[in-house]
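Next up, start34.cif (mmCIF, C-alpha atoms and all ligand atoms):
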```cif
data_data
#
loop_
_atom_site.label_atom_id
_atom_site.label_comp_id
_atom_site.auth_asym_id
_atom_site.auth_seq_id
_atom_site.Cartn_x
_atom_site.Cartn_y
_atom_site.Cartn_z
CA MET A 627 -25.05 -14.51 -3.43
CA THR A 628 -24.57 -12.12 -0.51
CA LEU A 629 -21.85 -9.46 -0.70
CA ALA A 630 -19.64 -11.54 1.61
CA GLU A 631 -20.12 -14.65 -0.55
CA ARG A 632 -19.24 -12.68 -3.66
CA ALA A 633 -16.12 -11.28 -1.98
CA LEU A 634 -14.97 -14.74 -0.94
CA ASP A 635 -15.67 -16.03 -4.44
CA VAL A 636 -13.30 -13.39 -5.91
CA LEU A 637 -10.54 -14.50 -3.52
CA ARG A 638 -11.09 -18.16 -4.38
CA ARG A 639 -10.91 -17.41 -8.11
CA ASN A 640 -7.71 -15.35 -7.70
CA ASP A 641 -6.13 -18.10 -5.60
CA THR A 642 -3.33 -19.77 -7.59
CA GLY A 643 -2.82 -22.38 -4.86
CA LEU A 644 0.54 -20.81 -3.95
CA PHE A 645 -0.66 -17.23 -3.41
CA ILE A 646 -3.66 -15.01 -4.14
CA LYS A 647 -2.96 -12.70 -7.06
CA PRO A 648 -4.15 -9.08 -6.83
CA GLY A 649 -6.39 -9.34 -9.89
CA PRO A 650 -7.24 -12.03 -12.42
CA ARG A 651 -5.49 -10.62 -15.51
CA VAL A 652 -3.52 -7.40 -14.89
CA TYR A 653 -1.51 -8.68 -11.91
CA PRO A 654 -0.48 -12.36 -12.15
CA PHE A 655 2.31 -12.34 -9.50
CA GLN A 656 2.33 -11.98 -5.70
CA TRP A 657 2.46 -8.39 -4.42
CA ASN A 658 3.42 -7.57 -0.84
CA TRP A 659 0.74 -5.29 0.60
CA ASP A 660 -1.93 -6.93 -1.57
CA SER A 661 -1.23 -10.29 0.09
CA ALA A 662 -1.11 -8.72 3.55
CA LEU A 663 -4.50 -7.06 3.07
CA VAL A 664 -5.89 -10.30 1.65
CA ALA A 665 -4.66 -12.19 4.73
CA LEU A 666 -6.26 -9.56 6.93
CA GLY A 667 -9.64 -10.03 5.25
CA LEU A 668 -9.28 -13.81 5.33
CA ALA A 669 -8.86 -13.58 9.12
CA ARG A 670 -12.66 -13.08 9.15
CA VAL A 671 -13.57 -16.21 7.20
CA ASP A 672 -10.60 -18.54 6.70
CA PRO A 673 -7.62 -17.80 9.00
CA GLY A 674 -5.84 -20.96 7.85
CA ARG A 675 -5.75 -19.70 4.25
CA GLY A 676 -4.73 -16.28 5.56
CA ARG A 677 -1.73 -17.79 7.32
CA ALA A 678 -0.73 -19.64 4.14
CA GLU A 679 -0.70 -16.25 2.38
CA VAL A 680 1.66 -14.82 5.01
CA ARG A 681 3.97 -17.83 4.65
CA SER A 682 4.07 -17.62 0.86
CA LEU A 683 4.98 -13.91 0.97
CA LEU A 684 7.72 -14.57 3.51
CA ARG A 685 9.29 -17.13 1.15
CA GLY A 686 10.49 -14.04 -0.71
CA GLN A 687 12.29 -12.50 2.28
CA TRP A 688 15.92 -11.50 1.71
CA ALA A 689 18.76 -12.39 4.12
CA ASP A 690 18.95 -8.78 5.31
CA GLY A 691 15.27 -8.84 6.32
CA MET A 692 13.62 -7.04 3.39
CA VAL A 693 10.29 -8.49 2.26
CA PRO A 694 10.11 -7.60 -1.44
CA HIS A 695 7.28 -5.85 -3.21
CA MET A 696 6.83 -8.71 -5.69
CA VAL A 697 7.46 -12.46 -5.47
CA PHE A 698 7.60 -14.40 -8.75
CA HIS A 699 6.56 -17.88 -7.61
CA THR A 700 5.66 -18.98 -11.13
CA PRO A 701 6.40 -17.52 -14.57
CA ALA A 702 3.79 -15.19 -16.09
CA PRO A 703 5.23 -13.76 -19.31
CA GLU A 704 2.03 -11.77 -19.86
CA TYR A 705 3.15 -9.21 -17.20
CA ARG A 706 6.16 -6.95 -17.70
CA PRO A 707 8.36 -6.09 -15.94
CA GLY A 708 8.77 -9.51 -14.35
CA PRO A 709 11.70 -11.46 -12.90
CA GLU A 710 13.89 -10.78 -15.95
CA LEU A 711 14.08 -7.09 -15.09
CA TRP A 712 15.01 -7.53 -11.43
CA ASP A 713 17.43 -10.47 -11.84
CA SER A 714 17.41 -11.06 -8.07
CA ALA A 715 19.50 -14.23 -8.46
CA SER A 716 22.56 -12.07 -9.10
CA CYS A 717 22.14 -10.16 -5.80
CA PRO A 718 23.75 -11.25 -2.54
CA GLY A 719 21.17 -12.29 0.08
CA ALA A 720 18.31 -12.83 -2.36
CA PRO A 721 16.07 -15.86 -1.66
CA GLU A 722 15.74 -18.88 -3.91
CA VAL A 723 12.45 -17.71 -5.41
CA PRO A 724 12.89 -14.75 -7.82
CA THR A 725 11.67 -11.43 -6.41
CA SER A 726 11.87 -7.69 -6.96
CA GLY A 727 14.59 -5.76 -5.10
CA ILE A 728 12.42 -3.12 -3.37
CA THR A 729 9.69 -3.28 -0.72
CA GLN A 730 6.12 -2.03 -0.11
CA PRO A 731 4.06 -0.65 2.82
CA PRO A 732 4.56 -3.13 5.69
CA VAL A 733 0.97 -4.14 6.51
CA LEU A 734 1.95 -7.75 7.22
CA ALA A 735 2.36 -7.50 11.03
CA THR A 736 -1.12 -5.96 11.21
CA ALA A 737 -2.49 -8.89 9.20
CA VAL A 738 -0.72 -11.38 11.48
CA ARG A 739 -2.33 -9.69 14.47
CA ALA A 740 -5.78 -9.98 12.85
CA LEU A 741 -5.15 -13.68 12.16
CA HIS A 742 -3.96 -14.27 15.72
CA GLU A 743 -6.93 -12.46 17.24
CA ALA A 744 -9.35 -14.40 15.03
CA ALA A 745 -7.93 -17.88 15.72
CA PRO A 746 -4.48 -18.38 17.22
CA GLU A 747 -2.45 -21.24 15.76
CA PRO A 748 0.17 -22.78 18.06
CA GLY A 749 3.70 -21.97 16.87
CA PHE A 750 2.68 -19.47 14.18
CA LEU A 751 3.84 -16.36 16.04
CA GLU A 752 7.14 -18.02 16.99
CA GLU A 753 7.62 -18.77 13.29
CA VAL A 754 6.82 -15.36 11.81
CA LEU A 755 7.53 -12.67 14.43
CA PRO A 756 11.35 -12.83 14.13
CA ARG A 757 10.95 -12.43 10.37
CA LEU A 758 8.61 -9.45 10.68
CA ASP A 759 10.98 -7.91 13.19
CA ALA A 760 13.91 -8.36 10.79
CA TRP A 761 11.97 -6.58 8.02
CA HIS A 762 10.97 -3.63 10.21
CA ALA A 763 14.52 -3.37 11.62
CA TRP A 764 15.85 -3.33 8.04
CA LEU A 765 13.55 -0.40 7.22
CA GLY A 766 14.81 1.54 10.23
CA ARG A 767 18.43 0.74 9.37
CA GLU A 768 18.55 1.00 5.58
CA ARG A 769 15.89 3.59 4.96
CA SER A 770 16.51 6.18 7.64
CA PHE A 771 16.81 9.46 5.85
CA ASP A 772 17.06 12.49 8.10
CA ASP A 773 16.87 13.07 11.84
CA SER A 774 13.09 12.71 11.95
CA SER A 775 12.93 8.87 12.49
CA LEU A 776 10.72 8.59 9.41
CA VAL A 777 11.89 6.18 6.70
CA ALA A 778 12.27 6.91 2.98
CA ILE A 779 11.13 4.98 -0.06
CA VAL A 780 13.47 4.68 -3.05
CA HIS A 781 10.94 3.91 -5.80
CA PRO A 782 7.29 5.01 -6.33
CA TRP A 783 6.50 1.27 -6.65
CA GLU A 784 7.21 1.07 -2.92
CA SER A 785 3.94 2.94 -2.31
CA ALA A 786 0.99 4.33 -4.33
CA ASP A 787 3.25 4.63 -7.38
CA ASN A 788 1.35 6.99 -9.67
CA SER A 789 0.35 9.47 -6.95
CA PRO A 790 1.02 13.16 -7.75
CA ARG A 791 2.95 13.39 -4.48
CA PHE A 792 5.88 11.67 -6.20
CA ASP A 793 5.85 13.90 -9.30
CA ARG A 794 8.51 16.35 -8.20
CA ALA A 795 11.03 13.71 -7.05
CA LEU A 796 10.27 11.63 -10.16
CA ALA A 797 10.82 14.55 -12.53
CA GLY A 798 14.48 14.56 -11.45
CA VAL A 799 15.04 11.04 -12.83
CA ASP A 800 16.76 11.11 -16.24
CA VAL A 801 15.60 8.67 -18.87
CA GLU A 802 17.51 7.49 -21.89
CA PRO A 803 15.85 8.61 -25.11
CA GLY A 804 14.55 5.94 -27.46
CA VAL A 805 14.36 3.02 -25.01
CA GLU A 806 11.35 0.83 -25.84
CA VAL A 807 9.01 0.21 -22.89
CA GLU A 808 6.75 -2.81 -23.05
CA ARG A 809 3.37 -1.88 -21.48
CA THR A 810 1.51 -5.11 -20.74
CA ASP A 811 -0.73 -3.21 -18.30
CA ARG A 812 -2.46 -1.42 -21.16
CA ALA A 813 -3.50 -4.71 -22.75
CA HIS A 814 -6.12 -4.99 -20.00
CA VAL A 815 -6.75 -1.44 -18.76
CA ASP A 816 -7.40 1.79 -20.72
CA ALA A 817 -4.30 3.95 -21.13
CA ASP A 818 -6.02 6.93 -19.49
CA GLU A 819 -6.37 4.91 -16.26
CA ARG A 820 -2.67 3.97 -16.07
CA PRO A 821 0.66 5.83 -15.60
CA THR A 822 1.96 7.85 -18.56
CA GLU A 823 4.76 6.63 -20.84
CA ILE A 824 7.35 9.03 -19.42
CA ASP A 825 6.58 7.99 -15.84
CA TYR A 826 6.93 4.32 -16.79
CA ARG A 827 10.32 5.06 -18.35
CA ARG A 828 11.37 6.76 -15.12
CA TYR A 829 10.22 3.76 -13.04
CA LEU A 830 12.43 1.51 -15.17
CA ALA A 831 15.35 3.96 -15.07
CA ILE A 832 15.29 3.91 -11.24
CA VAL A 833 15.35 0.11 -11.22
CA ASP A 834 18.23 0.16 -13.67
CA ARG A 835 20.28 2.46 -11.43
CA LEU A 836 19.41 0.66 -8.18
CA GLN A 837 20.45 -2.62 -9.76
CA ALA A 838 24.10 -1.54 -9.87
CA SER A 839 24.25 -1.84 -6.07
CA GLY A 840 22.10 -4.99 -5.83
CA TYR A 841 19.20 -2.69 -4.84
CA ARG A 842 21.12 -1.59 -1.74
CA PRO A 843 22.30 2.00 -2.23
CA ALA A 844 24.82 3.08 0.44
CA SER A 845 22.00 5.17 1.90
CA ALA A 846 18.47 6.13 0.82
CA ALA A 847 19.79 9.59 -0.08
CA GLU A 848 22.05 7.96 -2.73
CA SER A 849 19.05 6.61 -4.63
CA PRO A 850 17.99 8.34 -7.89
CA PHE A 851 14.54 8.71 -6.30
CA VAL A 852 13.92 9.31 -2.60
CA TYR A 853 10.73 10.35 -0.83
CA VAL A 854 9.54 10.33 2.78
CA ASP A 855 5.99 9.08 2.34
CA LEU A 856 3.61 9.71 5.23
CA ALA A 857 1.33 6.89 4.07
CA PHE A 858 4.19 4.35 4.18
CA ASN A 859 5.38 5.67 7.55
CA SER A 860 1.88 5.59 9.05
CA VAL A 861 1.46 1.96 7.98
CA LEU A 862 4.87 1.17 9.51
CA ALA A 863 4.04 2.96 12.78
CA ALA A 864 0.80 0.98 13.17
CA ALA A 865 2.59 -2.25 12.21
CA GLU A 866 5.28 -1.66 14.87
CA VAL A 867 2.53 -1.19 17.50
CA ASP A 868 0.95 -4.47 16.35
CA LEU A 869 4.29 -6.27 16.32
CA ALA A 870 5.13 -5.12 19.86
CA TRP A 871 1.69 -6.37 20.96
CA LEU A 872 2.24 -9.73 19.22
CA TRP A 873 5.63 -10.21 20.92
CA GLY A 874 3.79 -9.69 24.23
CA GLU A 875 1.48 -12.61 23.34
CA ILE A 876 4.40 -15.05 23.40
CA GLY A 877 6.47 -13.34 26.08
CA GLY A 878 9.08 -12.29 23.49
CA ASP A 879 11.18 -9.16 23.26
CA GLY A 880 9.08 -6.42 21.69
CA GLU A 881 11.39 -3.66 22.84
CA ARG A 882 12.72 -2.65 19.38
CA ALA A 883 9.23 -2.57 17.88
CA ALA A 884 7.78 -0.57 20.77
CA ARG A 885 10.58 2.00 20.61
CA ALA A 886 10.32 2.30 16.83
CA ALA A 887 6.54 2.79 17.11
CA GLU A 888 7.01 5.56 19.62
CA ARG A 889 9.61 7.39 17.52
CA LEU A 890 7.60 7.09 14.31
CA ARG A 891 4.40 8.27 15.96
CA GLU A 892 6.15 11.25 17.49
CA ALA A 893 7.63 12.22 14.11
CA LEU A 894 4.24 11.84 12.40
CA ALA A 895 2.51 13.93 15.06
CA ALA A 896 5.03 16.71 14.41
CA CYS A 897 3.77 16.91 10.81
CA TRP A 898 0.42 18.48 11.78
CA ASP A 899 -0.37 21.72 9.94
CA VAL A 900 -2.76 23.75 12.01
CA ASP A 901 -3.77 25.97 9.04
CA GLU A 902 -4.42 23.22 6.48
CA ALA A 903 -5.84 20.72 9.03
CA VAL A 904 -3.78 17.86 7.50
CA PHE A 905 -0.34 16.32 8.06
CA HIS A 906 2.70 17.00 5.85
CA HIS A 907 6.43 17.51 6.15
CA PRO A 908 7.16 20.63 8.15
CA GLY A 909 8.64 23.24 5.84
CA GLU A 910 6.96 21.80 2.72
CA ASP A 911 3.54 22.21 1.15
CA ALA A 912 0.84 19.61 1.74
CA SER A 913 0.99 16.85 -0.90
CA GLU A 914 -2.74 17.27 -1.55
CA THR A 915 -3.08 13.48 -1.65
CA VAL A 916 -4.47 11.02 0.89
CA ALA A 917 -0.99 10.61 2.37
CA ASP A 918 -1.76 13.87 4.23
CA LEU A 919 -4.62 12.04 6.00
CA PHE A 920 -2.80 8.77 6.78
CA PRO A 921 -1.29 9.72 10.17
CA LEU A 922 -4.88 9.29 11.38
CA TYR A 923 -4.33 5.54 10.82
CA ALA A 924 -1.20 5.69 12.97
CA GLY A 925 -3.41 7.08 15.75
CA VAL A 926 -1.40 10.25 16.22
CA ALA A 927 -4.19 12.85 15.81
CA ASP A 928 -5.60 14.23 19.05
CA GLY A 929 -9.36 14.78 19.37
CA ILE A 930 -9.33 18.31 18.01
CA GLN A 931 -7.00 17.47 15.12
CA ALA A 932 -9.03 14.41 14.10
CA ARG A 933 -12.26 16.42 14.13
CA ARG A 934 -10.73 19.16 12.00
CA LEU A 935 -9.07 16.71 9.62
CA PHE A 936 -12.44 15.03 9.06
CA ASP A 937 -14.54 18.19 8.69
CA GLU A 938 -12.07 20.30 6.75
CA ALA A 939 -10.34 17.69 4.56
CA LEU A 940 -11.42 14.01 4.55
CA TRP A 941 -15.17 14.72 4.35
CA ALA A 942 -14.98 18.25 2.91
CA PRO A 943 -16.76 18.32 -0.48
CA GLU A 944 -14.14 20.53 -2.14
CA ARG A 945 -11.22 18.34 -0.99
CA TYR A 946 -11.53 14.55 -0.42
CA GLY A 947 -15.15 14.10 0.68
CA PRO A 948 -18.51 13.42 -0.97
CA ALA A 949 -19.68 16.38 -3.05
CA PRO A 950 -22.76 17.18 -5.08
CA GLY A 951 -22.07 15.60 -8.47
CA SER A 952 -19.17 13.57 -7.01
CA PRO A 953 -20.67 11.48 -4.21
CA TRP A 954 -17.99 8.79 -3.86
CA ALA A 955 -15.17 9.37 -1.36
CA VAL A 956 -12.36 9.39 -0.31
CA THR A 957 -10.60 10.66 -3.44
CA SER A 958 -6.93 9.61 -3.60
CA ALA A 959 -5.95 13.20 -4.44
CA SER A 960 -7.69 16.38 -3.34
CA LYS A 961 -10.25 17.67 -5.82
CA ALA A 962 -8.76 21.11 -5.16
CA SER A 963 -5.35 19.98 -6.45
CA ALA A 964 -4.23 20.89 -9.98
CA ALA A 965 -3.02 17.29 -10.38
CA PHE A 966 -6.44 15.74 -9.63
CA ASP A 967 -7.47 13.24 -12.34
CA ALA A 968 -10.70 11.32 -11.69
CA ARG A 969 -9.74 8.30 -13.86
CA ARG A 970 -5.99 7.83 -13.61
CA TYR A 971 -4.92 5.47 -10.91
CA TRP A 972 -3.76 6.93 -7.58
CA ARG A 973 -4.33 10.47 -8.94
CA GLY A 974 -7.98 10.92 -7.91
CA PRO A 975 -10.08 7.71 -7.99
CA VAL A 976 -11.49 6.14 -4.82
CA TRP A 977 -9.69 3.05 -3.45
CA ILE A 978 -11.13 0.50 -1.01
CA ASN A 979 -7.81 0.03 0.78
CA VAL A 980 -7.40 3.79 1.32
CA ASN A 981 -10.90 3.96 2.79
CA TRP A 982 -10.16 0.96 5.00
CA PHE A 983 -7.03 2.64 6.46
CA LEU A 984 -8.99 5.84 7.07
CA ILE A 985 -11.94 4.02 8.68
CA ARG A 986 -9.50 2.40 11.13
CA GLY A 987 -7.91 5.79 11.73
CA LEU A 988 -11.26 7.43 12.46
CA GLU A 989 -12.10 4.64 14.92
CA ARG A 990 -8.71 5.04 16.57
CA SER A 991 -9.36 8.75 16.96
CA GLY A 992 -12.75 8.21 18.59
CA LEU A 993 -14.77 9.38 15.54
CA VAL A 994 -16.96 6.29 15.51
CA ALA A 995 -20.02 7.76 13.76
CA GLU A 996 -17.75 9.24 11.07
CA ALA A 997 -16.04 5.85 10.63
CA ASP A 998 -19.49 4.27 10.24
CA ALA A 999 -20.44 6.84 7.60
CA LEU A 1000 -17.32 6.08 5.57
CA ARG A 1001 -17.83 2.33 6.03
CA GLY A 1002 -21.42 2.67 4.75
CA LEU A 1003 -20.30 4.67 1.72
CA THR A 1004 -17.51 2.18 0.94
CA LEU A 1005 -19.78 -0.87 1.17
CA GLY A 1006 -22.36 0.98 -0.93
CA LEU A 1007 -19.74 1.44 -3.63
CA VAL A 1008 -18.73 -2.24 -3.81
CA GLU A 1009 -22.39 -3.29 -3.66
CA ARG A 1010 -23.11 -1.05 -6.65
CA SER A 1011 -19.95 -1.41 -8.76
CA GLY A 1012 -18.31 -4.68 -7.66
CA PHE A 1013 -14.78 -5.28 -6.37
CA ALA A 1014 -12.83 -2.97 -8.65
CA GLU A 1015 -9.23 -1.85 -8.22
CA TYR A 1016 -10.44 1.79 -8.05
CA TYR A 1017 -13.55 3.85 -8.85
CA HIS A 1018 -14.54 7.12 -10.52
CA PRO A 1019 -15.55 9.50 -7.71
CA ALA A 1020 -18.36 11.14 -9.71
CA THR A 1021 -20.00 8.09 -11.31
CA GLY A 1022 -18.82 5.20 -9.14
CA GLU A 1023 -17.71 3.51 -12.41
CA PRO A 1024 -15.32 0.60 -11.75
CA LEU A 1025 -11.81 1.33 -13.10
CA GLY A 1026 -8.59 -0.67 -13.49
CA SER A 1027 -8.76 -4.38 -12.74
CA ARG A 1028 -12.11 -5.98 -11.89
CA ASP A 1029 -12.43 -8.73 -9.24
CA PHE A 1030 -9.63 -7.10 -7.30
CA SER A 1031 -8.46 -9.12 -4.31
CA TRP A 1032 -7.83 -6.43 -1.68
CA SER A 1033 -11.16 -4.76 -2.45
CA ALA A 1034 -12.87 -8.12 -1.85
CA ALA A 1035 -10.82 -9.01 1.25
CA LEU A 1036 -11.30 -5.62 2.91
CA THR A 1037 -15.03 -5.81 2.20
CA LEU A 1038 -15.04 -8.96 4.34
CA ASP A 1039 -13.32 -7.04 7.12
CA LEU A 1040 -15.63 -4.02 6.81
CA LEU A 1041 -18.71 -6.25 6.89
C1 LIG B 1 0.26 -1.36 -8.68
O1 LIG B 1 1.64 -1.50 -8.94
C2 LIG B 1 2.15 -2.34 -9.98
C3 LIG B 1 3.68 -2.26 -9.93
O2 LIG B 1 4.16 -2.72 -8.71
C4 LIG B 1 1.70 -1.93 -11.37
O3 LIG B 1 1.36 -0.77 -11.59
O4 LIG B 1 1.73 -2.78 -12.28
C5 LIG B 1 0.10 -0.47 -7.42
O5 LIG B 1 -1.25 -0.08 -7.24
C6 LIG B 1 0.61 -1.22 -6.19
O6 LIG B 1 0.39 -0.44 -5.03
C7 LIG B 1 -0.10 -2.58 -6.06
O7 LIG B 1 0.45 -3.29 -4.98
C8 LIG B 1 0.05 -3.39 -7.35
C9 LIG B 1 -0.75 -4.68 -7.35
O8 LIG B 1 -2.09 -4.40 -6.97
O9 LIG B 1 -0.38 -2.61 -8.49
#
```

Show me this structure written as structure tokens.
Amino acid sequence: MTLAERALDVLRRNDTGLFIKPGPRVYPFQWNWDSALVALGLARVDPGRGRAEVRSLLRGQWADGMVPHMVFHTPAPEYRPGPELWDSASCPGAPEVPTSGITQPPVLATAVRALHEAAPEPGFLEEVLPRLDAWHAWLGRERSFDDSSLVAIVHPWESADNSPRFDRALAGVDVEPGVEVERTDRAHVDADERPTEIDYRRYLAIVDRLQASGYRPASAAESPFVYVDLAFNSVLAAAEVDLAWLWGEIGGDGERAARAAERLREALAACWDVDEAVFHHPGEDASETVADLFPLYAGVADGIQARRLFDEALWAPERYGPAPGSPWAVTSASKASAAFDARRYWRGPVWINVNWFLIRGLERSGLVAEADALRGLTLGLVERSGFAEYYHPATGEPLGSRDFSWSAALTLDLL
């Protein structure tokens, strides 16, 4: 089988009929940005199935516009925490299907654009654009945090959960001693590749506290965990650009999306650090994780910034790039960071979705040869090690789940 045939085969095997699960065993439910990235890859080979994925995710949308991070279409007692933890039925505005009460990086509008550009389906944009707009508007309304226009996340599960960039905010979350935590994840994946026990307890403690307000704290600042994630905001900025463009396709009103895109992009651009050659919150240290590179994906780096970011960070052997003895890039945390861990997920390993966002960002910044180099390296990794959830940067060893859907779907797009 060719690489493309193998990728499609993974998606077909992970297809439950209702949705495509992220991986065959570890992740039996529908996850938000997983399904969006899957739809985006399917735009290349089967746009009809891609649109079905968008529709199934939107079945989980709440009345206030939020599209949740997990949708529990069917029971899967082998994964904890599942619907019993979230108890969405007791929350006002929750949909009929059980879901989680938090969200995830909003890639969906970008996927809808890819599907539309591949093969427009009459009526599809009219059906989904108002719903995407409601989700993005909810983020701007409920998750505004300071005067910067950037939005906050209220749980690490809303982004790359185990990343060291969340450590400081997470350390402030109190956990009750002696509470038993059921770790179904470690039935399938080695413990040294997954979050630690204390971090898992903190994840559950945040859910517990958010639940008291039906997952709608009076403001993001009221949440036990709050973080302004540049990766999440860069995804949102690009999605607002795509949504405004999509509204234009049907002569609709893309004004809110266009204005939001402009504000977000301006705020991201203001995060440039001329000394470190990466983006981070002004007045704070760099996170030393790939989030510092993500504004590239939002297209906010000028020519000089993009060049420096590539040479001095993304491709620099001592930070995120290929190095002698560690040829696989981009590492999810900088190798120069004290928190770097080559095996533990989001704390160092290479991810196909991260590389995909950065390849798009390099293209957007006019660094086409550099984008090609990263594309070549990424495809070389899946060719060699299969469609893993993440990979060891030194050995290329597949880690986490095997036959991982977004790795397969994004391979289709990269090819
Ligand atoms: C991971 O998150 C879930 C919890 O939501 C887990 O650890 O069990 C993260 O990598 C997340 O970003 C991803 O969407 C999810 C499914 O692939 O797995």

I want to know what sits within 12 Å of Leu758 (chain A), based on all atoms listed in the file, with residues of the same chain fewer than 4 positions away left out; could you give that as an MDAnalysis selection string? chainID A and resid 680:681 683:684 687:688 690:693 732:739 751:754 762:765 862 865:866 868:870 872:873 880 882:883

Residues of chain A that approach ligand LIG 1 (chain B) to 10 Å or less, counting all atoms listed in the file: could you list each one with the shortest pair of atoms and its distance in Å to one decimal, rows by chain and increasing residue number, as JSON lines?
```
{"residue": "A:Lys647", "atom": "CA", "partner": "B:LIG1", "partner_atom": "C9", "distance": 8.3}
{"residue": "A:Pro648", "atom": "CA", "partner": "B:LIG1", "partner_atom": "O8", "distance": 5.1}
{"residue": "A:Gly649", "atom": "CA", "partner": "B:LIG1", "partner_atom": "O8", "distance": 7.2}
{"residue": "A:Val652", "atom": "CA", "partner": "B:LIG1", "partner_atom": "O4", "distance": 7.5}
{"residue": "A:Tyr653", "atom": "CA", "partner": "B:LIG1", "partner_atom": "C9", "distance": 6.1}
{"residue": "A:Pro654", "atom": "CA", "partner": "B:LIG1", "partner_atom": "C9", "distance": 9.1}
{"residue": "A:Phe655", "atom": "CA", "partner": "B:LIG1", "partner_atom": "C9", "distance": 8.5}
{"residue": "A:Gln656", "atom": "CA", "partner": "B:LIG1", "partner_atom": "C9", "distance": 8.1}
{"residue": "A:Trp657", "atom": "CA", "partner": "B:LIG1", "partner_atom": "O7", "distance": 5.5}
{"residue": "A:Asn658", "atom": "CA", "partner": "B:LIG1", "partner_atom": "O7", "distance": 6.7}
{"residue": "A:Trp659", "atom": "CA", "partner": "B:LIG1", "partner_atom": "O7", "distance": 5.9}
{"residue": "A:Asp660", "atom": "CA", "partner": "B:LIG1", "partner_atom": "O7", "distance": 5.5}
{"residue": "A:Ser661", "atom": "CA", "partner": "B:LIG1", "partner_atom": "O7", "distance": 8.8}
{"residue": "A:His695", "atom": "CA", "partner": "B:LIG1", "partner_atom": "O2", "distance": 7.1}
{"residue": "A:Met696", "atom": "CA", "partner": "B:LIG1", "partner_atom": "O2", "distance": 7.2}
{"residue": "A:Tyr705", "atom": "CA", "partner": "B:LIG1", "partner_atom": "O4", "distance": 8.2}
{"residue": "A:Arg706", "atom": "CA", "partner": "B:LIG1", "partner_atom": "O4", "distance": 8.1}
{"residue": "A:Pro707", "atom": "CA", "partner": "B:LIG1", "partner_atom": "O4", "distance": 8.3}
{"residue": "A:Gly708", "atom": "CA", "partner": "B:LIG1", "partner_atom": "C3", "distance": 9.9}
{"residue": "A:Ser726", "atom": "CA", "partner": "B:LIG1", "partner_atom": "O2", "distance": 9.3}
{"residue": "A:Ile728", "atom": "CA", "partner": "B:LIG1", "partner_atom": "O2", "distance": 9.8}
{"residue": "A:Thr729", "atom": "CA", "partner": "B:LIG1", "partner_atom": "O2", "distance": 9.7}
{"residue": "A:Gln730", "atom": "CA", "partner": "B:LIG1", "partner_atom": "O7", "distance": 7.6}
{"residue": "A:Pro731", "atom": "CA", "partner": "B:LIG1", "partner_atom": "O6", "distance": 8.7}
{"residue": "A:His781", "atom": "CA", "partner": "B:LIG1", "partner_atom": "O2", "distance": 9.9}
{"residue": "A:Pro782", "atom": "CA", "partner": "B:LIG1", "partner_atom": "O2", "distance": 8.7}
{"residue": "A:Trp783", "atom": "CA", "partner": "B:LIG1", "partner_atom": "O2", "distance": 5.1}
{"residue": "A:Glu784", "atom": "CA", "partner": "B:LIG1", "partner_atom": "O6", "distance": 7.3}
{"residue": "A:Ser785", "atom": "CA", "partner": "B:LIG1", "partner_atom": "O6", "distance": 5.6}
{"residue": "A:Ala786", "atom": "CA", "partner": "B:LIG1", "partner_atom": "O6", "distance": 4.9}
{"residue": "A:Asp787", "atom": "CA", "partner": "B:LIG1", "partner_atom": "C5", "distance": 6.0}
{"residue": "A:Asn788", "atom": "CA", "partner": "B:LIG1", "partner_atom": "C5", "distance": 7.9}
{"residue": "A:Ser789", "atom": "CA", "partner": "B:LIG1", "partner_atom": "O5", "distance": 9.7}
{"residue": "A:Arg809", "atom": "CA", "partner": "B:LIG1", "partner_atom": "O4", "distance": 9.4}
{"residue": "A:Thr810", "atom": "CA", "partner": "B:LIG1", "partner_atom": "O4", "distance": 8.8}
{"residue": "A:Asp811", "atom": "CA", "partner": "B:LIG1", "partner_atom": "O4", "distance": 6.5}
{"residue": "A:Arg812", "atom": "CA", "partner": "B:LIG1", "partner_atom": "O4", "distance": 9.9}
{"residue": "A:Arg820", "atom": "CA", "partner": "B:LIG1", "partner_atom": "O3", "distance": 7.7}
{"residue": "A:Pro821", "atom": "CA", "partner": "B:LIG1", "partner_atom": "O3", "distance": 7.8}
{"residue": "A:Tyr826", "atom": "CA", "partner": "B:LIG1", "partner_atom": "O3", "distance": 9.2}
{"residue": "A:Tyr829", "atom": "CA", "partner": "B:LIG1", "partner_atom": "C3", "distance": 9.4}
{"residue": "A:Tyr971", "atom": "CA", "partner": "B:LIG1", "partner_atom": "O5", "distance": 7.6}
{"residue": "A:Trp972", "atom": "CA", "partner": "B:LIG1", "partner_atom": "O5", "distance": 7.5}
{"residue": "A:Trp977", "atom": "CA", "partner": "B:LIG1", "partner_atom": "O5", "distance": 9.8}
{"residue": "A:Glu1015", "atom": "CA", "partner": "B:LIG1", "partner_atom": "O8", "distance": 7.7}
{"residue": "A:Tyr1016", "atom": "CA", "partner": "B:LIG1", "partner_atom": "O5", "distance": 9.4}
{"residue": "A:Gly1026", "atom": "CA", "partner": "B:LIG1", "partner_atom": "O5", "distance": 9.7}
{"residue": "A:Ser1027", "atom": "CA", "partner": "B:LIG1", "partner_atom": "O8", "distance": 8.8}
{"residue": "A:Phe1030", "atom": "CA", "partner": "B:LIG1", "partner_atom": "O8", "distance": 8.0}
{"residue": "A:Ser1031", "atom": "CA", "partner": "B:LIG1", "partner_atom": "O8", "distance": 8.4}
{"residue": "A:Trp1032", "atom": "CA", "partner": "B:LIG1", "partner_atom": "O8", "distance": 8.1}
```

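Once Gly804 (chain A) and its same-chain neighbours fewer than 6 positions away are set aside, Glu823, Ile824 and Arg827 of chain A remain within 12 Å of it when counting only C-alpha atoms.
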